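J.: Dumping the structure here so I can ask a few things about it.
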Amino acid sequence: MGKPIQKTDGPTPQRPLICAPLVGKTKAALLEEIAAVVAKKPDLLEWRVDFYKNIGEIEDVLETASILKGQSQGIPILFTSRSVREGGEPISISEQEVTALYEQVMKLGLVDVVDVELSCPEAEKVRLKAIANETETQWIMSYHDFQRTPSEADILAKLQEAEAYGADVGKVAVMPQAMADVLTLMQATQKAASTLTIPVITMAMGRLGTLSRMAGGACGSALTFAIANESSAPGQMPIDELRVVLDVIDRYLTGQ
């Protein structure tokens with residue numbers, strides 16, 4: 001399988017891929033969840049392993065990852081352990097242990113994409129980059145701000161940092177306080193998409209940010225997150241509703 005998240009060049013706005021999160025706390029909950037999510041046929045699945053209560057038991061995580069891979073019906077899987085500092089769930093293991101977990105799922109071919117935070121300690125980033133490249137696993141470098149929306153220049157700088165580090169994809173998620181913040185995020189997205197060599201993923205979170213999840217592809221965002229079962233971040237909307245909106249955008253912006 002090639003890299004699931006690709007950059008679309010040219011003047012025509014791209015339709016973003018739809019990624020649905022898996023946030024079950026137990027194996028049984030995840031199995032029930034993936035059945036419901038796969039039925040909606042998203043383009044990617046994201047296993048937010050920081051929600052998983054047995055994250056500290058590596059063999060259990062690997063067994064569960066293998067089961068999810070088998071139940072995914074070929075839909076690529078994004079593996080993410082979001083840190084508390086960037087809005088994730090509290091977990092019982094260290095950054096080094098998280099890196100070891102990422103290493104195992106990549107080497108065993110249980111995931112297709114991994115999410116690595118720009119704020120991750122340097123030693124862990126270096127190790128994860130090497131493993132991802134060795135295993136030909138696509139890797140996202142991400143930045144999340146659940147409190148505010150940085151300036152357009154700062155958002156662009158984060159995406160440029162991901163590119164400079166050698167990431168396959170750059171991602172930024174921010175929290176808007178006003179609609180002007182959403183427009184700031186979308187303008188930064190357009191600039192990044194037109195100047196960087198890697199695909200970018202951006203979103204504004206919360207109620208106001210829903211606009212960016214619907215129209216982000218028109219500005220160059222390669223992927224958007226939507227709910228099939230439960231959300232992993234504020235502002236995610238149901239897949240069925242999102243597809244209706246994307247169909248309308250496609251019809252009017254591309255003439256198809």
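So you can find residues: chains in the structure tokens are A, B, ... in the order shown, residues in each start at 1, and ligands are numbered from 1 in order.
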Mind checking DSSP for segment 4-253 of chain A and telling me the helix (DSSP H, G or I) residues as a PyMOL selection string?

T.: chain A and resi 27-38+49-51+58-71+84-86+95-107+122-135+152-165+179-195+206-219+239-253

J.: For Val84 of chain A, find every residue with an atom within 12 Å (counting only C-alpha atoms), except residues of its own chain fewer than 2 positions away, and show them as a PyMOL selection string.

T.: chain A and resi 50-51+81-82+86-95+117+119-120+144-146

J.: For the residues in the current selection, export C-alpha atoms as a CSV table (one decimal), in the first residue's frame.

T.:
```
chain,number,residue,atom,x,y,z
A,50,ASP,CA,-4.2,7.0,24.8
A,51,PHE,CA,-7.8,6.3,25.5
A,81,SER,CA,-1.0,8.4,21.5
A,82,ARG,CA,-1.8,12.0,22.1
A,86,GLU,CA,-1.5,18.5,23.6
A,87,GLY,CA,-5.0,17.6,24.7
A,88,GLY,CA,-4.7,13.8,25.1
A,89,GLU,CA,-5.7,11.4,27.9
A,90,PRO,CA,-3.6,10.8,31.0
A,91,ILE,CA,-1.6,7.6,30.6
A,92,SER,CA,0.5,5.4,32.8
A,93,ILE,CA,3.6,5.1,30.7
A,94,SER,CA,6.5,7.4,29.9
A,95,GLU,CA,7.4,9.0,26.6
A,117,GLU,CA,4.0,15.5,18.1
A,119,SER,CA,6.6,18.9,21.1
A,120,CYS,CA,7.8,15.3,21.6
A,144,HIS,CA,-2.2,21.1,18.9
A,145,ASP,CA,-3.3,24.2,20.9
A,146,PHE,CA,-6.5,23.6,22.8
```

J.: Take atom CA of Val116 of chain A and atom CA of Val172 of chain A and report the distance between them in Å, one decimal.

T.: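 Separating atom CA of Val116 of chain A from atom CA of Val172 of chain A is a distance of 11.8 Å.
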
J.: By how many Å are atom CA of Leu110 of chain A and atom CA of Glu32 of chain A apart?

T.: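 One can read the atom CA of Leu110 of chain A to atom CA of Glu32 of chain A distance as 19.0 Å.
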
J.: Give me the residues near Gly209 of chain A as a PDB file with all heavy atoms, in the first residue's frame, where near means some atom within 9 Å (using only C-alpha atoms) and where sequence neighbours in that chain fewer than 6 positions away do not count.

T.:
```pdb
ATOM      1  N   VAL A 174      -6.064  23.896  16.219  1.00  0.00           N
ATOM      2  CA  VAL A 174      -6.100  25.047  17.125  1.00  0.00           C
ATOM      3  C   VAL A 174      -7.513  25.253  17.662  1.00  0.00           C
ATOM      4  O   VAL A 174      -8.478  24.698  17.145  1.00  0.00           O
ATOM      5  CB  VAL A 174      -5.618  26.322  16.409  1.00  0.00           C
ATOM      6  CG1 VAL A 174      -4.202  26.163  15.880  1.00  0.00           C
ATOM      7  CG2 VAL A 174      -6.574  26.687  15.261  1.00  0.00           C
ATOM      8  N   MET A 175      -7.614  26.078  18.690  1.00  0.00           N
ATOM      9  CA  MET A 175      -8.920  26.385  19.274  1.00  0.00           C
ATOM     10  C   MET A 175      -9.274  27.844  18.984  1.00  0.00           C
ATOM     11  O   MET A 175      -8.595  28.756  19.469  1.00  0.00           O
ATOM     12  CB  MET A 175      -8.902  26.153  20.781  1.00  0.00           C
ATOM     13  CG  MET A 175     -10.259  26.388  21.448  1.00  0.00           C
ATOM     14  SD  MET A 175     -11.547  25.248  20.856  1.00  0.00           S
ATOM     15  CE  MET A 175     -11.048  23.717  21.680  1.00  0.00           C
ATOM     16  N   PRO A 176     -10.313  28.098  18.204  1.00  0.00           N
ATOM     17  CA  PRO A 176     -10.702  29.480  17.905  1.00  0.00           C
ATOM     18  C   PRO A 176     -11.551  30.087  19.022  1.00  0.00           C
ATOM     19  O   PRO A 176     -12.340  29.397  19.660  1.00  0.00           O
ATOM     20  CB  PRO A 176     -11.537  29.327  16.632  1.00  0.00           C
ATOM     21  CG  PRO A 176     -12.156  27.971  16.762  1.00  0.00           C
ATOM     22  CD  PRO A 176     -11.151  27.122  17.492  1.00  0.00           C
ATOM     23  N   MET A 179     -14.720  33.816  14.970  1.00  0.00           N
ATOM     24  CA  MET A 179     -14.655  33.347  13.592  1.00  0.00           C
ATOM     25  C   MET A 179     -13.391  33.840  12.889  1.00  0.00           C
ATOM     26  O   MET A 179     -12.864  33.167  11.993  1.00  0.00           O
ATOM     27  CB  MET A 179     -15.903  33.800  12.821  1.00  0.00           C
ATOM     28  CG  MET A 179     -16.008  33.197  11.426  1.00  0.00           C
ATOM     29  SD  MET A 179     -15.927  31.378  11.397  1.00  0.00           S
ATOM     30  CE  MET A 179     -17.465  30.955  12.218  1.00  0.00           C
ATOM     31  N   ASP A 181     -10.507  33.752  14.010  1.00  0.00           N
ATOM     32  CA  ASP A 181      -9.463  32.746  14.241  1.00  0.00           C
ATOM     33  C   ASP A 181      -9.573  31.604  13.236  1.00  0.00           C
ATOM     34  O   ASP A 181      -8.562  31.070  12.770  1.00  0.00           O
ATOM     35  CB  ASP A 181      -9.571  32.188  15.659  1.00  0.00           C
ATOM     36  CG  ASP A 181      -9.213  33.203  16.730  1.00  0.00           C
ATOM     37  OD1 ASP A 181      -8.440  34.131  16.437  1.00  0.00           O
ATOM     38  OD2 ASP A 181      -9.701  33.053  17.867  1.00  0.00           O
ATOM     39  N   VAL A 182     -10.804  31.218  12.914  1.00  0.00           N
ATOM     40  CA  VAL A 182     -11.008  30.157  11.924  1.00  0.00           C
ATOM     41  C   VAL A 182     -10.467  30.600  10.567  1.00  0.00           C
ATOM     42  O   VAL A 182      -9.802  29.840   9.860  1.00  0.00           O
ATOM     43  CB  VAL A 182     -12.497  29.788  11.817  1.00  0.00           C
ATOM     44  CG1 VAL A 182     -12.704  28.687  10.773  1.00  0.00           C
ATOM     45  CG2 VAL A 182     -13.046  29.351  13.166  1.00  0.00           C
ATOM     46  N   MET A 203      -7.070  22.000  11.245  1.00  0.00           N
ATOM     47  CA  MET A 203      -8.448  22.138  11.698  1.00  0.00           C
ATOM     48  C   MET A 203      -8.511  23.099  12.862  1.00  0.00           C
ATOM     49  O   MET A 203      -7.579  23.192  13.661  1.00  0.00           O
ATOM     50  CB  MET A 203      -9.037  20.791  12.110  1.00  0.00           C
ATOM     51  CG  MET A 203      -8.397  20.180  13.322  1.00  0.00           C
ATOM     52  SD  MET A 203      -8.211  18.401  13.204  1.00  0.00           S
ATOM     53  CE  MET A 203      -7.163  18.218  11.775  1.00  0.00           C
ATOM     54  N   PRO A 234     -13.177  18.129  20.181  1.00  0.00           N
ATOM     55  CA  PRO A 234     -14.394  18.934  20.039  1.00  0.00           C
ATOM     56  C   PRO A 234     -14.584  19.475  18.625  1.00  0.00           C
ATOM     57  O   PRO A 234     -13.634  19.909  17.983  1.00  0.00           O
ATOM     58  CB  PRO A 234     -14.177  20.075  21.045  1.00  0.00           C
ATOM     59  CG  PRO A 234     -12.699  20.132  21.269  1.00  0.00           C
ATOM     60  CD  PRO A 234     -12.212  18.732  21.114  1.00  0.00           C
ATOM     61  N   GLY A 235     -15.837  19.414  18.149  1.00  0.00           N
ATOM     62  CA  GLY A 235     -16.158  19.988  16.849  1.00  0.00           C
ATOM     63  C   GLY A 235     -16.264  18.981  15.723  1.00  0.00           C
ATOM     64  O   GLY A 235     -16.637  19.336  14.602  1.00  0.00           O
ATOM     65  N   GLN A 236     -15.923  17.708  15.985  1.00  0.00           N
ATOM     66  CA  GLN A 236     -16.063  16.709  14.940  1.00  0.00           C
ATOM     67  C   GLN A 236     -17.546  16.458  14.664  1.00  0.00           C
ATOM     68  O   GLN A 236     -18.352  16.402  15.579  1.00  0.00           O
ATOM     69  CB  GLN A 236     -15.370  15.408  15.359  1.00  0.00           C
ATOM     70  CG  GLN A 236     -13.863  15.539  15.435  1.00  0.00           C
ATOM     71  CD  GLN A 236     -13.189  14.289  15.995  1.00  0.00           C
ATOM     72  OE1 GLN A 236     -13.849  13.322  16.353  1.00  0.00           O
ATOM     73  NE2 GLN A 236     -11.877  14.336  16.093  1.00  0.00           N
TER      74      GLN A 236
END
```

J.: So the first atom is atom CA of Glu136 of chain A and the second is atom CA of Ile198 of chain A; what is the distance between them in Å, to one decimal place?

T.: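 So the two atoms, atom CA of Glu136 of chain A and atom CA of Ile198 of chain A, lie 15.9 Å apart.
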
J.: I need the residue nearest Pro76 of chain A from this list: A:Glu46, A:Glu241, A:Glu122, A:Asp168. Use only C-alpha atoms for the distance.

T.: A:Glu46
